[in-house]
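This report refers to the structure that appears directly beneath it.
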Amino acid sequence: MRAIPKALLIHMIVLHTKENEDRWGNGQLGAGMTVEYVRMEPSSKIIRDKNNAEIQLSATLFYDCRNSYPRDVKFEKDNIVSFNGEKYRIETIEPLYDRKRLHHYEMGLVKGG
């Protein structure tokens with residue numbers, strides 16, 4: 001399977017992790033890392049969390065393993081994504097493979113971070 005063309009990967013995000021997190025999940029955002037050649041698409045998909053509560057996603061983030069930069073970014077649930085002045089929290093991470101190797105990630109994002 002071919003990589004997602006760079007012509008479709010038109011967005012840039014800043015990926016933040018929480019630092020000095022306490023037991024309630026409160027913490028400060030780190031400086032962040034700029035990730036280029038990704039795609040943000042609006043979403044209205046409804047998913048269920050581990051407590052069986054419904055969550056409506058606000059956006060889907062596409063990260064191509066060949067054309068997105070930097071390569072080998074480590075995405076984790078609850079990381080914060082800044083895009084166009086808005087903050088989103090990563091709720092789901094779905095790695096998608098071609099026949100032999102990892103092709104791209106699709107991440108479900110919830111508005112507010």
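Each chain in the structure tokens gets a letter, A, B and so on, in the order shown; residues start at 1 in every chain, and ligands are counted from 1 in the order they appear.
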Please list as a compact mmCIF listing (two decimals) with C-alpha atoms, in the first residue's frame every residue within 8 Å of Cys65 of chain A, counting only C-alpha atoms and excluding residues in the same chain fewer than 6 positions away.
# COMPACT_ATOMS: atom_id res chain seq x y z
CA ALA A 3 1.90 6.16 1.74
CA ARG A 71 9.08 9.95 12.23
CA ASP A 72 8.51 7.50 15.08
CA LEU A 102 2.61 -0.17 10.16
CA HIS A 103 1.11 2.20 7.57
CA HIS A 104 -0.51 5.03 9.58
CA TYR A 105 -2.23 5.97 12.83
Point to revise | Polymer residues at most 8 Å from segment 34-38 of chain A, only C-alpha atoms, same-chain spacing of 6 or more positions, as a VMD selection string | key: chain A and resid 6 9 to 15 61 to 64 67 to 70
For the selection you just gave me, I'd like the residues written to a file as a CSV table (one decimal), in the first residue's frame, keeping C-alpha atoms.
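The file below, again_3.csv, is the result:
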chain,number,residue,atom,x,y,z
A,6,LYS,CA,1.9,14.8,1.2
A,9,LEU,CA,-1.2,15.9,4.8
A,10,ILE,CA,-1.7,19.7,4.9
A,11,HIS,CA,-1.8,20.3,8.7
A,12,MET,CA,0.7,20.9,11.5
A,13,ILE,CA,0.0,20.2,15.2
A,14,VAL,CA,1.9,20.6,18.5
A,15,LEU,CA,1.9,17.5,20.6
A,61,LEU,CA,-5.9,12.9,13.4
A,62,PHE,CA,-4.1,11.0,10.6
A,63,TYR,CA,-0.3,10.4,11.0
A,64,ASP,CA,1.4,8.7,8.1
A,67,ASN,CA,5.4,11.1,5.1
A,68,SER,CA,4.6,12.7,8.5
A,69,TYR,CA,7.5,14.4,10.3
A,70,PRO,CA,9.2,13.7,12.6
Review point. If you measure from atom CA of Glu19 of chain A to atom CA of Asn84 of chain A, what distance in Å do you get, rounded to one decimal?
Key: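 Here the two named atoms are 22.6 Å from each other.
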Practice item. Fewer than 5 positions away in the same chain doesn't count, so skip those; otherwise give me all residues within 12 Å of Arg101 of chain A, counting only C-alpha atoms, as an MDAnalysis selection string. Key: chainID A and resid 1:3 65:66 95:96
Would you output that residue set with N, CA, C and O atoms, as a PDB file, in the first residue's frame?
ATOM      1  N   MET A   1       0.846  -1.169   0.000  1.00  0.00           N
ATOM      2  CA  MET A   1       0.000   0.000   0.000  1.00  0.00           C
ATOM      3  C   MET A   1       0.901   1.244   0.000  1.00  0.00           C
ATOM      4  O   MET A   1       1.888   1.296   0.723  1.00  0.00           O
ATOM      5  N   ARG A   2       0.532   2.239  -0.801  1.00  0.00           N
ATOM      6  CA  ARG A   2       1.332   3.457  -0.870  1.00  0.00           C
ATOM      7  C   ARG A   2       1.060   4.349   0.336  1.00  0.00           C
ATOM      8  O   ARG A   2       0.007   4.287   0.951  1.00  0.00           O
ATOM      9  N   ALA A   3       2.025   5.200   0.632  1.00  0.00           N
ATOM     10  CA  ALA A   3       1.896   6.156   1.743  1.00  0.00           C
ATOM     11  C   ALA A   3       0.804   7.169   1.413  1.00  0.00           C
ATOM     12  O   ALA A   3       0.466   7.389   0.249  1.00  0.00           O
ATOM     13  N   CYS A  65       3.126   7.021   8.587  1.00  0.00           N
ATOM     14  CA  CYS A  65       4.424   6.567   9.087  1.00  0.00           C
ATOM     15  C   CYS A  65       5.577   6.864   8.126  1.00  0.00           C
ATOM     16  O   CYS A  65       6.734   6.827   8.534  1.00  0.00           O
ATOM     17  N   ARG A  66       5.281   7.199   6.873  1.00  0.00           N
ATOM     18  CA  ARG A  66       6.349   7.522   5.936  1.00  0.00           C
ATOM     19  C   ARG A  66       6.477   9.029   5.708  1.00  0.00           C
ATOM     20  O   ARG A  66       7.580   9.561   5.695  1.00  0.00           O
ATOM     21  N   PRO A  95      -3.583   1.946  15.344  1.00  0.00           N
ATOM     22  CA  PRO A  95      -2.541   1.703  14.344  1.00  0.00           C
ATOM     23  C   PRO A  95      -3.121   0.857  13.213  1.00  0.00           C
ATOM     24  O   PRO A  95      -3.802  -0.139  13.460  1.00  0.00           O
ATOM     25  N   LEU A  96      -2.861   1.258  11.974  1.00  0.00           N
ATOM     26  CA  LEU A  96      -3.361   0.524  10.807  1.00  0.00           C
ATOM     27  C   LEU A  96      -2.177   0.045   9.976  1.00  0.00           C
ATOM     28  O   LEU A  96      -1.257   0.815   9.693  1.00  0.00           O
TER      29      LEU A  96
END
Practice item. Can you work out which one of A:Thr17, A:Ile93, A:Arg48, A:Ile55 has the shortest atom-to-atom distance to Glu106 of chain A, counting only C-alpha atoms? Key: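 Nearest candidate to Glu106 of chain A out of A:Thr17, A:Ile93, A:Arg48, A:Ile55: A:Ile93.
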Review point. So what do you get for atom CA of Asn79 of chain A versus atom CA of Pro5 of chain A, distance-wise?
Key: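 Pair atom CA of Asn79 of chain A / atom CA of Pro5 of chain A returns 25.6 Å.
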**Study point:** Asn20 of chain A environment, 10 Å, only C-alpha atoms, sequence neighbours closer than 4 positions dropped, as a list of chain:residue names
**Key:** A:Gly25, A:Asn26, A:Gly27, A:Gln28, A:Leu29, A:Gly30
Those residues you just picked out, can you put them in a file as a PDB file, in the first residue's frame with all heavy atoms?
ATOM      1  N   GLY A  25      -4.873  13.421  37.873  1.00  0.00           N
ATOM      2  CA  GLY A  25      -4.663  13.663  36.453  1.00  0.00           C
ATOM      3  C   GLY A  25      -4.406  15.112  36.103  1.00  0.00           C
ATOM      4  O   GLY A  25      -4.328  15.461  34.931  1.00  0.00           O
ATOM      5  N   ASN A  26      -4.286  15.971  37.105  1.00  0.00           N
ATOM      6  CA  ASN A  26      -4.002  17.382  36.845  1.00  0.00           C
ATOM      7  C   ASN A  26      -2.505  17.575  36.701  1.00  0.00           C
ATOM      8  O   ASN A  26      -1.720  16.993  37.437  1.00  0.00           O
ATOM      9  CB  ASN A  26      -4.519  18.257  37.990  1.00  0.00           C
ATOM     10  CG  ASN A  26      -6.006  18.136  38.177  1.00  0.00           C
ATOM     11  OD1 ASN A  26      -6.743  18.025  37.200  1.00  0.00           O
ATOM     12  ND2 ASN A  26      -6.461  18.138  39.409  1.00  0.00           N
ATOM     13  N   GLY A  27      -2.124  18.397  35.771  1.00  0.00           N
ATOM     14  CA  GLY A  27      -0.709  18.670  35.556  1.00  0.00           C
ATOM     15  C   GLY A  27      -0.547  19.815  34.586  1.00  0.00           C
ATOM     16  O   GLY A  27      -1.519  20.341  34.054  1.00  0.00           O
ATOM     17  N   GLN A  28       0.683  20.193  34.370  1.00  0.00           N
ATOM     18  CA  GLN A  28       0.974  21.262  33.428  1.00  0.00           C
ATOM     19  C   GLN A  28       1.416  20.642  32.107  1.00  0.00           C
ATOM     20  O   GLN A  28       2.006  19.572  32.080  1.00  0.00           O
ATOM     21  CB  GLN A  28       2.075  22.163  33.990  1.00  0.00           C
ATOM     22  CG  GLN A  28       1.633  22.866  35.250  1.00  0.00           C
ATOM     23  CD  GLN A  28       2.798  23.098  36.200  1.00  0.00           C
ATOM     24  OE1 GLN A  28       3.878  22.573  36.009  1.00  0.00           O
ATOM     25  NE2 GLN A  28       2.557  23.887  37.225  1.00  0.00           N
ATOM     26  N   LEU A  29       1.135  21.368  31.012  1.00  0.00           N
ATOM     27  CA  LEU A  29       1.546  20.886  29.702  1.00  0.00           C
ATOM     28  C   LEU A  29       3.019  21.166  29.477  1.00  0.00           C
ATOM     29  O   LEU A  29       3.522  22.230  29.832  1.00  0.00           O
ATOM     30  CB  LEU A  29       0.730  21.562  28.599  1.00  0.00           C
ATOM     31  CG  LEU A  29      -0.749  21.220  28.535  1.00  0.00           C
ATOM     32  CD1 LEU A  29      -1.394  21.933  27.369  1.00  0.00           C
ATOM     33  CD2 LEU A  29      -0.970  19.731  28.443  1.00  0.00           C
ATOM     34  N   GLY A  30       3.693  20.195  28.867  1.00  0.00           N
ATOM     35  CA  GLY A  30       5.088  20.386  28.501  1.00  0.00           C
ATOM     36  C   GLY A  30       5.191  21.332  27.310  1.00  0.00           C
ATOM     37  O   GLY A  30       4.189  21.766  26.740  1.00  0.00           O
TER      38      GLY A  30
END
Review point. Which residues in segment 23-68 of chain A does DSSP call strand (DSSP E)? List them as JSON, numbers by chain.
Key: {"A": [28, 29, 33, 34, 35, 36, 37, 38, 39, 40, 41, 42, 46, 47, 48, 54, 55, 56, 59, 60, 61, 62, 63, 64]}
Take the residues from that selection and put them in a file with N, CA and C atoms, as a tab-separated table (two decimals), in the first residue's frame.
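This is the output file part-v1.tsv:
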chain	number	residue	atom	x	y	z
A	28	GLN	N	0.68	20.19	34.37
A	28	GLN	CA	0.97	21.26	33.43
A	28	GLN	C	1.42	20.64	32.11
A	29	LEU	N	1.13	21.37	31.01
A	29	LEU	CA	1.55	20.89	29.70
A	29	LEU	C	3.02	21.17	29.48
A	33	MET	N	5.95	19.27	21.00
A	33	MET	CA	6.75	18.92	19.83
A	33	MET	C	5.91	19.20	18.59
A	34	THR	N	6.48	19.90	17.63
A	34	THR	CA	5.77	20.19	16.39
A	34	THR	C	5.79	18.95	15.50
A	35	VAL	N	4.62	18.58	15.01
A	35	VAL	CA	4.48	17.44	14.10
A	35	VAL	C	3.87	17.97	12.81
A	36	GLU	N	4.58	17.76	11.71
A	36	GLU	CA	4.14	18.28	10.41
A	36	GLU	C	3.65	17.17	9.50
A	37	TYR	N	2.94	17.57	8.47
A	37	TYR	CA	2.40	16.65	7.46
A	37	TYR	C	1.46	15.62	8.09
A	38	VAL	N	0.47	16.12	8.79
A	38	VAL	CA	-0.60	15.30	9.34
A	38	VAL	C	-1.91	15.83	8.77
A	39	ARG	N	-3.01	15.16	9.06
A	39	ARG	CA	-4.31	15.62	8.60
A	39	ARG	C	-5.30	15.56	9.75
A	40	MET	N	-6.00	16.67	9.95
A	40	MET	CA	-7.08	16.75	10.94
A	40	MET	C	-8.40	16.80	10.19
A	41	GLU	N	-9.30	15.92	10.56
A	41	GLU	CA	-10.63	15.90	9.96
A	41	GLU	C	-11.68	15.98	11.06
A	42	PRO	N	-12.71	16.79	10.87
A	42	PRO	CA	-13.79	16.83	11.87
A	42	PRO	C	-14.46	15.46	11.97
A	46	ILE	N	-19.24	8.45	17.76
A	46	ILE	CA	-19.47	8.20	19.18
A	46	ILE	C	-18.83	6.87	19.54
A	47	ILE	N	-18.01	6.89	20.59
A	47	ILE	CA	-17.34	5.67	21.07
A	47	ILE	C	-17.72	5.46	22.53
A	48	ARG	N	-17.34	4.32	23.06
A	48	ARG	CA	-17.56	4.01	24.47
A	48	ARG	C	-16.21	3.83	25.16
A	54	GLU	N	-20.60	6.97	26.86
A	54	GLU	CA	-20.48	7.43	25.48
A	54	GLU	C	-19.63	8.70	25.41
A	55	ILE	N	-18.74	8.73	24.44
A	55	ILE	CA	-17.88	9.90	24.21
A	55	ILE	C	-18.00	10.25	22.74
A	56	GLN	N	-18.26	11.54	22.45
A	56	GLN	CA	-18.33	11.98	21.06
A	56	GLN	C	-16.99	12.60	20.67
A	59	ALA	N	-12.62	15.26	16.44
A	59	ALA	CA	-11.77	15.24	15.25
A	59	ALA	C	-11.02	13.91	15.18
A	60	THR	N	-10.52	13.61	13.98
A	60	THR	CA	-9.66	12.47	13.76
A	60	THR	C	-8.34	12.99	13.21
A	61	LEU	N	-7.24	12.54	13.80
A	61	LEU	CA	-5.90	12.92	13.38
A	61	LEU	C	-5.26	11.75	12.64
A	62	PHE	N	-4.76	12.01	11.44
A	62	PHE	CA	-4.08	11.00	10.63
A	62	PHE	C	-2.58	11.31	10.65
A	63	TYR	N	-1.79	10.31	11.01
A	63	TYR	CA	-0.32	10.42	11.04
A	63	TYR	C	0.22	9.30	10.17
A	64	ASP	N	0.86	9.66	9.04
A	64	ASP	CA	1.41	8.68	8.11
A	64	ASP	C	2.82	8.30	8.56
Check your understanding: In Å, with one decimal, what is the gap from atom CA of Arg89 of chain A to atom CA of Lys111 of chain A?
Key ->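 According to the coordinates, atom CA of Arg89 of chain A and atom CA of Lys111 of chain A are separated by 6.4 Å.
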Revision key, fill the gap. From the list A:Lys87, A:Lys77, A:Arg99, A:His16, the nearest residue to Asp49 of chain A using only C-alpha atoms is A:Lys77
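Residue nearest Tyr88 of chain A within the list A:Lys50, A:Lys100, A:Glu76, A:Ser58: A:Ser58 [criterion: smallest interatomic distance, only C-alpha atoms].
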Check your understanding: Closest to Val110 of chain A among A:Leu57, A:Ile80, A:Gly32, A:Lys74, using only C-alpha atoms?
Key -> A:Leu57
Check your understanding: Given the choices A:Ser43, A:Thr92, A:Ser82, A:Asn52, which gets closest to Ala31 of chain A if the distance is worked out from only C-alpha atoms?
Key ->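 Using only C-alpha atoms, Ala31 of chain A sits closest to A:Ser82.
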